[in-house]
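See structure below.
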Amino acid sequence: MRRKILMIRLLLCRNGYRRAEYLKKRHYFHRQGKNCFFIPFNFGTEPHLLAFGDNVHVATGVTFINHDVIAKMFRHMESYNGSELVSRAGTIEIGDNVFIGAGSTVLYDVKICNNVIIGAKSLVNKSIAESGVYAGVPAVKIGDFDRYFEKSLEFSGKVNWTENEKRKDIVKKQKEYFWGGRENENAV
């Protein structure tokens, strides 16, 4: 019941920063740094095995898998000899300045160092010890963290909106920037 109440409260936190602050106040994870942003509201059944550094941003649909249930399957095999089996579990540790893209999966026994970007739909099945941009199944290094930052600065200098504007104003400016009034050219 307590887990369901927590999930409802997290759903009501519409802002990823508020959601992260709520979880931090509850000491939900083993460790959580400052300035975190969490879109997901479900961090599995063992959040005490998750650790987040400072400035960690997690996009929608990210899954943290810190255990498996293979031992349960082994217990039902004909060749099972009755030995005591427990489900495999492990920690996930995320460093500082990490972004994890939408739909990605991070498996147990993984450490992600500082200054890492994980692309959408990636599978992080082993530790990442070098700063960079990673993507794929399994995730491999595809780029340089600092170069990606430079490209983000270049993009920000080209557009005509800022993060501090009202959402409706940003949408209007984005439509103008990307579509340049072309959204009506195929109208019937």
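By order of appearance in the structure tokens: chains A, B, ..., then residues from 1 within every chain, and ligands from 1 in the order shown.
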Q) Where does DSSP see helix (DSSP H, G or I) in stretch 21-178 of chain A, if you list the residues as a PyMOL selection string? A) chain A and resi 21-25+47-49+70-75+145-158+167-178
Pull C-alpha atoms from the residues just selected and write them as a PDB file, in the first residue's frame.
```
ATOM      1  CA  GLU A  21      13.424  16.486  -4.609  1.00  0.00           C
ATOM      2  CA  TYR A  22      10.507  14.478  -3.231  1.00  0.00           C
ATOM      3  CA  LEU A  23      12.495  11.240  -3.555  1.00  0.00           C
ATOM      4  CA  LYS A  24      15.557  12.853  -1.999  1.00  0.00           C
ATOM      5  CA  LYS A  25      13.571  14.040   1.047  1.00  0.00           C
ATOM      6  CA  PRO A  47      15.714   1.600  -5.020  1.00  0.00           C
ATOM      7  CA  HIS A  48      18.136   1.225  -2.081  1.00  0.00           C
ATOM      8  CA  LEU A  49      20.550  -0.318  -4.629  1.00  0.00           C
ATOM      9  CA  ILE A  70      16.540 -16.522 -12.660  1.00  0.00           C
ATOM     10  CA  ALA A  71      16.912 -18.406  -9.362  1.00  0.00           C
ATOM     11  CA  LYS A  72      13.128 -18.880  -9.340  1.00  0.00           C
ATOM     12  CA  MET A  73      13.331 -20.499 -12.780  1.00  0.00           C
ATOM     13  CA  PHE A  74      16.219 -22.763 -11.691  1.00  0.00           C
ATOM     14  CA  ARG A  75      14.171 -24.006  -8.729  1.00  0.00           C
ATOM     15  CA  PHE A 145      30.931  14.831 -24.187  1.00  0.00           C
ATOM     16  CA  ASP A 146      32.589  18.237 -24.619  1.00  0.00           C
ATOM     17  CA  ARG A 147      31.871  18.307 -28.372  1.00  0.00           C
ATOM     18  CA  TYR A 148      28.201  17.540 -27.690  1.00  0.00           C
ATOM     19  CA  PHE A 149      28.137  20.430 -25.215  1.00  0.00           C
ATOM     20  CA  GLU A 150      29.635  22.732 -27.880  1.00  0.00           C
ATOM     21  CA  LYS A 151      26.968  21.637 -30.390  1.00  0.00           C
ATOM     22  CA  SER A 152      24.275  22.388 -27.792  1.00  0.00           C
ATOM     23  CA  LEU A 153      25.705  25.885 -27.325  1.00  0.00           C
ATOM     24  CA  GLU A 154      25.712  26.429 -31.102  1.00  0.00           C
ATOM     25  CA  PHE A 155      22.066  25.359 -31.372  1.00  0.00           C
ATOM     26  CA  SER A 156      21.047  27.578 -28.444  1.00  0.00           C
ATOM     27  CA  GLY A 157      22.652  30.570 -30.164  1.00  0.00           C
ATOM     28  CA  LYS A 158      20.643  30.003 -33.350  1.00  0.00           C
ATOM     29  CA  ARG A 167       5.384  27.173 -22.720  1.00  0.00           C
ATOM     30  CA  LYS A 168       2.835  28.583 -25.201  1.00  0.00           C
ATOM     31  CA  ASP A 169       5.342  31.236 -26.332  1.00  0.00           C
ATOM     32  CA  ILE A 170       8.062  28.613 -26.793  1.00  0.00           C
ATOM     33  CA  VAL A 171       5.712  26.433 -28.868  1.00  0.00           C
ATOM     34  CA  LYS A 172       4.813  29.388 -31.104  1.00  0.00           C
ATOM     35  CA  LYS A 173       8.482  30.288 -31.652  1.00  0.00           C
ATOM     36  CA  GLN A 174       9.444  26.669 -32.305  1.00  0.00           C
ATOM     37  CA  LYS A 175       6.727  26.354 -34.935  1.00  0.00           C
ATOM     38  CA  GLU A 176       7.965  29.524 -36.605  1.00  0.00           C
ATOM     39  CA  TYR A 177      11.605  28.412 -36.423  1.00  0.00           C
ATOM     40  CA  PHE A 178      11.148  24.836 -37.639  1.00  0.00           C
TER      41      PHE A 178
END
```
**Q.** Residue contacts of A:Ala51 (12 Å, only C-alpha atoms) excluding same-chain residues fewer than 3 positions away, as JSON, numbers by chain
**A.** {"A": [24, 27, 28, 29, 30, 31, 32, 33, 36, 43, 46, 47, 48, 54, 56, 64, 66, 90, 91, 92, 93, 94, 95, 96, 108, 109, 110, 111, 112, 113]}
Convert the current residue selection to file output with N, CA and C atoms, as a short mmCIF file (atom, residue, chain, number, x, y, z; two decimals), in the first residue's frame.
```
data_model
loop_
_atom_site.label_atom_id
_atom_site.label_comp_id
_atom_site.auth_asym_id
_atom_site.auth_seq_id
_atom_site.Cartn_x
_atom_site.Cartn_y
_atom_site.Cartn_z
N LYS A 24 14.39 12.56 -2.84
CA LYS A 24 15.56 12.85 -2.00
C LYS A 24 15.14 13.07 -0.54
N HIS A 27 14.67 9.93 1.23
CA HIS A 27 15.85 9.06 1.24
C HIS A 27 15.55 7.74 0.51
N TYR A 28 14.93 7.88 -0.64
CA TYR A 28 14.45 6.74 -1.42
C TYR A 28 15.58 5.89 -1.99
N PHE A 29 16.68 6.54 -2.41
CA PHE A 29 17.81 5.83 -2.99
C PHE A 29 18.94 5.72 -1.97
N HIS A 30 19.92 4.89 -2.28
CA HIS A 30 21.10 4.80 -1.41
C HIS A 30 21.75 6.17 -1.29
N ARG A 31 21.84 6.87 -2.44
CA ARG A 31 22.42 8.21 -2.46
C ARG A 31 21.81 8.97 -3.63
N GLN A 32 21.57 10.25 -3.43
CA GLN A 32 21.09 11.11 -4.50
C GLN A 32 21.69 12.49 -4.31
N GLY A 33 22.37 12.96 -5.34
CA GLY A 33 22.99 14.27 -5.30
C GLY A 33 21.99 15.40 -5.54
N CYS A 36 18.98 17.01 -9.50
CA CYS A 36 18.59 15.85 -10.30
C CYS A 36 17.21 16.09 -10.91
N PHE A 43 11.23 3.14 -10.03
CA PHE A 43 12.64 2.82 -10.01
C PHE A 43 12.89 1.39 -9.54
N GLU A 46 13.98 -2.35 -5.71
CA GLU A 46 15.13 -2.16 -4.81
C GLU A 46 15.81 -0.81 -5.03
N PRO A 47 15.09 0.29 -4.80
CA PRO A 47 15.71 1.60 -5.02
C PRO A 47 16.90 1.84 -4.09
N HIS A 48 17.00 1.08 -2.99
CA HIS A 48 18.14 1.22 -2.08
C HIS A 48 19.44 0.76 -2.73
N ASP A 54 25.42 14.22 -8.58
CA ASP A 54 24.84 15.54 -8.82
C ASP A 54 24.53 15.72 -10.31
N VAL A 56 22.06 14.73 -12.36
CA VAL A 56 21.67 13.55 -13.14
C VAL A 56 20.27 13.80 -13.68
N PHE A 64 15.67 0.86 -14.61
CA PHE A 64 16.84 0.45 -13.84
C PHE A 64 16.55 -0.97 -13.34
N ASN A 66 17.94 -3.83 -11.16
CA ASN A 66 18.98 -4.15 -10.19
C ASN A 66 18.82 -5.54 -9.58
N GLY A 90 22.27 -6.48 -7.68
CA GLY A 90 23.48 -5.68 -7.72
C GLY A 90 23.14 -4.20 -7.73
N THR A 91 24.16 -3.39 -7.57
CA THR A 91 23.96 -1.95 -7.50
C THR A 91 24.09 -1.29 -8.88
N ILE A 92 23.52 -0.11 -8.97
CA ILE A 92 23.70 0.76 -10.12
C ILE A 92 24.16 2.10 -9.56
N GLU A 93 25.32 2.58 -10.03
CA GLU A 93 25.87 3.84 -9.56
C GLU A 93 26.05 4.80 -10.72
N ILE A 94 25.43 5.96 -10.61
CA ILE A 94 25.48 6.98 -11.65
C ILE A 94 26.29 8.16 -11.13
N GLY A 95 27.27 8.61 -11.89
CA GLY A 95 28.13 9.74 -11.49
C GLY A 95 27.45 11.09 -11.66
N ASP A 96 28.28 12.13 -11.68
CA ASP A 96 27.80 13.52 -11.85
C ASP A 96 27.67 13.87 -13.33
N TYR A 108 22.10 -4.15 -13.51
CA TYR A 108 22.83 -4.18 -12.24
C TYR A 108 24.32 -4.41 -12.46
N ASP A 109 25.08 -4.06 -11.42
CA ASP A 109 26.54 -4.12 -11.44
C ASP A 109 27.14 -3.15 -12.44
N VAL A 110 26.46 -2.02 -12.68
CA VAL A 110 26.93 -1.02 -13.62
C VAL A 110 27.27 0.26 -12.87
N LYS A 111 28.41 0.85 -13.22
CA LYS A 111 28.80 2.17 -12.74
C LYS A 111 28.99 3.04 -13.97
N ILE A 112 28.38 4.24 -13.94
CA ILE A 112 28.54 5.20 -15.01
C ILE A 112 29.31 6.39 -14.43
N CYS A 113 30.44 6.69 -15.03
CA CYS A 113 31.30 7.77 -14.51
C CYS A 113 30.68 9.14 -14.77
#
```
Name the residues in contact with A:Gly61 at a cut-off of 12 Å, using only C-alpha atoms, excluding same-chain residues fewer than 3 positions from it; report them as a compact mmCIF listing (two decimals) with all heavy atoms, in the first residue's frame.
```
# COMPACT_ATOMS: atom_id res chain seq x y z
N PHE A 38 14.11 13.67 -12.65
CA PHE A 38 13.63 12.32 -12.93
C PHE A 38 12.25 12.38 -13.56
O PHE A 38 11.30 12.81 -12.92
CB PHE A 38 13.53 11.47 -11.67
CG PHE A 38 14.84 11.27 -10.94
CD1 PHE A 38 14.88 11.34 -9.56
CD2 PHE A 38 16.00 11.00 -11.62
CE1 PHE A 38 16.07 11.13 -8.87
CE2 PHE A 38 17.20 10.79 -10.95
CZ PHE A 38 17.23 10.86 -9.57
N ILE A 39 12.13 11.94 -14.80
CA ILE A 39 10.82 11.77 -15.40
C ILE A 39 10.19 10.45 -14.93
O ILE A 39 9.01 10.42 -14.61
CB ILE A 39 10.89 11.84 -16.94
CG1 ILE A 39 11.27 13.25 -17.38
CG2 ILE A 39 9.57 11.42 -17.57
CD1 ILE A 39 10.25 14.33 -17.06
N PRO A 40 10.95 9.33 -14.87
CA PRO A 40 10.33 8.08 -14.41
C PRO A 40 9.80 8.21 -12.99
O PRO A 40 10.31 8.99 -12.19
CB PRO A 40 11.47 7.07 -14.45
CG PRO A 40 12.52 7.66 -15.28
CD PRO A 40 12.37 9.15 -15.18
N PHE A 41 8.78 7.44 -12.69
CA PHE A 41 8.29 7.40 -11.32
C PHE A 41 8.43 6.01 -10.71
O PHE A 41 8.16 5.81 -9.56
CB PHE A 41 6.83 7.88 -11.23
CG PHE A 41 5.87 7.07 -12.07
CD1 PHE A 41 5.25 5.96 -11.55
CD2 PHE A 41 5.62 7.43 -13.38
CE1 PHE A 41 4.38 5.22 -12.32
CE2 PHE A 41 4.75 6.69 -14.15
CZ PHE A 41 4.13 5.58 -13.62
N ASN A 42 8.89 5.05 -11.50
CA ASN A 42 9.10 3.69 -11.01
C ASN A 42 10.57 3.34 -11.15
O ASN A 42 11.10 3.26 -12.25
CB ASN A 42 8.23 2.71 -11.80
CG ASN A 42 8.28 1.32 -11.24
OD1 ASN A 42 9.04 1.03 -10.31
ND2 ASN A 42 7.47 0.45 -11.79
N PHE A 43 11.23 3.14 -10.03
CA PHE A 43 12.64 2.82 -10.01
C PHE A 43 12.89 1.39 -9.54
O PHE A 43 13.93 1.08 -8.99
CB PHE A 43 13.39 3.82 -9.13
CG PHE A 43 13.44 5.19 -9.73
CD1 PHE A 43 12.43 6.10 -9.48
CD2 PHE A 43 14.47 5.56 -10.57
CE1 PHE A 43 12.46 7.36 -10.04
CE2 PHE A 43 14.50 6.82 -11.14
CZ PHE A 43 13.50 7.73 -10.88
N VAL A 58 17.22 12.07 -15.96
CA VAL A 58 16.73 10.79 -16.48
C VAL A 58 15.43 11.03 -17.25
O VAL A 58 14.45 11.53 -16.69
CB VAL A 58 16.50 9.78 -15.33
CG1 VAL A 58 16.01 8.45 -15.87
CG2 VAL A 58 17.77 9.60 -14.50
N PHE A 64 15.67 0.86 -14.61
CA PHE A 64 16.84 0.45 -13.84
C PHE A 64 16.55 -0.97 -13.34
O PHE A 64 15.62 -1.18 -12.56
CB PHE A 64 17.07 1.39 -12.66
CG PHE A 64 17.39 2.79 -13.08
CD1 PHE A 64 16.38 3.75 -13.19
CD2 PHE A 64 18.69 3.16 -13.40
CE1 PHE A 64 16.67 5.05 -13.59
CE2 PHE A 64 18.98 4.46 -13.79
CZ PHE A 64 17.97 5.40 -13.90
N ILE A 100 20.46 10.30 -19.12
CA ILE A 100 20.07 8.97 -19.61
C ILE A 100 18.84 9.16 -20.47
O ILE A 100 17.78 9.59 -20.00
CB ILE A 100 19.81 7.98 -18.46
CG1 ILE A 100 21.05 7.89 -17.56
CG2 ILE A 100 19.43 6.62 -19.01
CD1 ILE A 100 20.87 7.06 -16.31
N GLY A 101 18.96 8.85 -21.76
CA GLY A 101 17.92 9.10 -22.75
C GLY A 101 16.71 8.19 -22.63
O GLY A 101 16.76 7.10 -22.05
N ALA A 102 15.63 8.64 -23.22
CA ALA A 102 14.32 7.98 -23.16
C ALA A 102 14.41 6.51 -23.57
O ALA A 102 15.07 6.16 -24.54
CB ALA A 102 13.33 8.70 -24.06
N GLY A 103 13.73 5.67 -22.80
CA GLY A 103 13.60 4.26 -23.13
C GLY A 103 14.84 3.42 -22.89
O GLY A 103 14.87 2.25 -23.27
N SER A 104 15.86 3.97 -22.27
CA SER A 104 17.09 3.21 -22.01
C SER A 104 16.91 2.27 -20.84
O SER A 104 16.03 2.45 -20.00
CB SER A 104 18.26 4.16 -21.73
OG SER A 104 18.56 4.91 -22.88
N THR A 105 17.77 1.26 -20.79
CA THR A 105 17.78 0.29 -19.69
C THR A 105 19.19 0.23 -19.12
O THR A 105 20.16 0.11 -19.88
CB THR A 105 17.36 -1.10 -20.18
OG1 THR A 105 16.03 -1.03 -20.71
CG2 THR A 105 17.39 -2.12 -19.05
N VAL A 106 19.30 0.29 -17.80
CA VAL A 106 20.58 0.18 -17.11
C VAL A 106 20.49 -1.07 -16.22
O VAL A 106 19.58 -1.19 -15.40
CB VAL A 106 20.89 1.42 -16.26
CG1 VAL A 106 22.26 1.31 -15.61
CG2 VAL A 106 20.79 2.70 -17.10
N ALA A 120 18.96 7.61 -26.42
CA ALA A 120 17.66 6.96 -26.25
C ALA A 120 17.71 5.49 -26.66
O ALA A 120 18.44 5.12 -27.58
CB ALA A 120 16.60 7.70 -27.08
N LYS A 121 16.93 4.67 -25.95
CA LYS A 121 16.76 3.24 -26.23
C LYS A 121 18.06 2.43 -26.13
O LYS A 121 18.19 1.38 -26.74
CB LYS A 121 16.14 3.02 -27.61
CG LYS A 121 14.71 3.48 -27.74
CD LYS A 121 13.80 2.49 -27.08
CE LYS A 121 12.36 2.82 -27.37
NZ LYS A 121 11.46 1.87 -26.78
N SER A 122 19.00 2.91 -25.35
CA SER A 122 20.27 2.20 -25.19
C SER A 122 20.19 1.18 -24.07
O SER A 122 19.37 1.30 -23.15
CB SER A 122 21.40 3.20 -24.88
OG SER A 122 21.60 4.06 -25.97
```
Q.
Just list as a PyMOL selection string whatever in stretch 29-160 of chain A DSSP marks as strand (DSSP E).
A. chain A and resi 31-32+37-38+50-52+56-58+63-65+92-94+98-100+105-107+110-112+116-118+123-124+132-135+140-143
(Q) Between atom CA of A:Ser87 and atom CA of A:Gly44, what is the distance in Å, rounded to a tenth? (A)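 Between atom CA of A:Ser87 and atom CA of A:Gly44 the gap is 14.5 Å.
Between A:His57 and the residues A:Arg18, A:Thr45, A:Phe99, A:Ala89, the shortest atom-to-atom distance, using only C-alpha atoms, involves A:Phe99.
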Q: Enter the distance from atom CA of A:Thr162 to atom CA of A:Lys34, in Å, rounded to one decimal.
A: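 Value for the atom CA of A:Thr162-atom CA of A:Lys34 distance: 23.3 Å.
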Q) What gap, in Å, lies between atom CA of A:Val133 and atom CA of A:Arg19? A) 25.6 Å
